[in-house]
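Written out below as structure tokens is the structure these notes cover.
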Amino acid sequence: MQVLQSYPILDDRRMHWQRVLRGVMHGFVSQESSGYFSHYPVELEESYCLAIQCVIDGLHKEAAQHER
């Protein structure tokens, strides 16, 4: 929740975003540890950064809507 405090969004929405962020991070780690990402010849770190960037982009979009 501390990471999300800097975004100007409502507290209940912040809780939803916390779940989304944790879900993305946990899902990625879980699938990696189960070997599901070993079948593709692309950089794992780049995939993880892309997933986190999607969450950040969504947070920025929601924050911008809240500031209107």
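The chains in the structure tokens are called A, B, ... from first to last as shown; in each chain the residues are counted from 1, and the ligands are counted from 1 in the order shown.
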
Spatial neighbours of His66 (chain A), 10 Å, only C-alpha atoms, chain gap at least 5 places, as number ranges by chain: A: 7-10, 60-61

Selection: 9 Å around Gln18 (chain A), only C-alpha atoms, excl. self and same-chain fewer than 5 positions, as a ChimeraX atom specification: /A:1,3-4,13,23

Backbone-only DSSP, alpha helix (DSSP H) members of chain A, as a VMD selection string: chain A and resid 11 to 33 44 to 67

Nearest candidate to Gly58 (chain A) (options A:Ser33, A:His16, A:Met25, A:Glu45; using only C-alpha atoms):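 When distances to Gly58 (chain A) are compared using only C-alpha atoms, the smallest one comes from A:His16.
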
Which residue of A:Asp12, A:Trp17, A:Tyr48, A:Ala64 approaches Val29 (chain A) most closely, using only C-alpha atoms: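 Closest to Val29 (chain A), using only C-alpha atoms: A:Tyr48.
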
Spatial neighbours of Ser6 (chain A), max dist 12 Å, only C-alpha atoms, sep filter under 5 positions, as JSON, numbers by chain: {"A": [1, 11, 14, 56, 59, 60, 63]}

What would the file look like if the residues just selected were written as a PDB file, in the first residue's frame with N, CA, C and O atoms?
ATOM      1  N   MET A   1       0.826  -1.193   0.000  1.00  0.00           N
ATOM      2  CA  MET A   1       0.000   0.000   0.000  1.00  0.00           C
ATOM      3  C   MET A   1       0.869   1.255   0.000  1.00  0.00           C
ATOM      4  O   MET A   1       0.453   2.267  -0.539  1.00  0.00           O
ATOM      5  N   ASP A  11      -9.224   5.610  -1.534  1.00  0.00           N
ATOM      6  CA  ASP A  11      -8.691   4.503  -0.738  1.00  0.00           C
ATOM      7  C   ASP A  11      -9.231   3.140  -1.176  1.00  0.00           C
ATOM      8  O   ASP A  11      -8.477   2.170  -1.247  1.00  0.00           O
ATOM      9  N   ARG A  14      -7.522   2.166  -4.253  1.00  0.00           N
ATOM     10  CA  ARG A  14      -6.130   1.813  -3.939  1.00  0.00           C
ATOM     11  C   ARG A  14      -6.047   0.358  -3.477  1.00  0.00           C
ATOM     12  O   ARG A  14      -5.117  -0.366  -3.826  1.00  0.00           O
ATOM     13  N   ILE A  56       1.295   0.063 -13.905  1.00  0.00           N
ATOM     14  CA  ILE A  56       1.631   1.477 -13.707  1.00  0.00           C
ATOM     15  C   ILE A  56       0.823   2.356 -14.661  1.00  0.00           C
ATOM     16  O   ILE A  56       0.281   3.391 -14.247  1.00  0.00           O
ATOM     17  N   LEU A  59      -2.667   2.654 -13.370  1.00  0.00           N
ATOM     18  CA  LEU A  59      -2.708   3.548 -12.215  1.00  0.00           C
ATOM     19  C   LEU A  59      -2.649   5.009 -12.642  1.00  0.00           C
ATOM     20  O   LEU A  59      -3.407   5.846 -12.127  1.00  0.00           O
ATOM     21  N   HIS A  60      -1.781   5.316 -13.582  1.00  0.00           N
ATOM     22  CA  HIS A  60      -1.672   6.697 -14.067  1.00  0.00           C
ATOM     23  C   HIS A  60      -2.970   7.138 -14.740  1.00  0.00           C
ATOM     24  O   HIS A  60      -3.412   8.280 -14.545  1.00  0.00           O
ATOM     25  N   ALA A  63      -5.530   7.748 -11.966  1.00  0.00           N
ATOM     26  CA  ALA A  63      -5.173   8.967 -11.232  1.00  0.00           C
ATOM     27  C   ALA A  63      -5.536  10.209 -12.034  1.00  0.00           C
ATOM     28  O   ALA A  63      -6.043  11.184 -11.477  1.00  0.00           O
TER      29      ALA A  63
END

Between CA of Glu43 (chain A) and CA of Glu62 (chain A), distance in Å (one decimal):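 Computing the Euclidean distance for CA of Glu43 (chain A) and CA of Glu62 (chain A) yields 29.4 Å.
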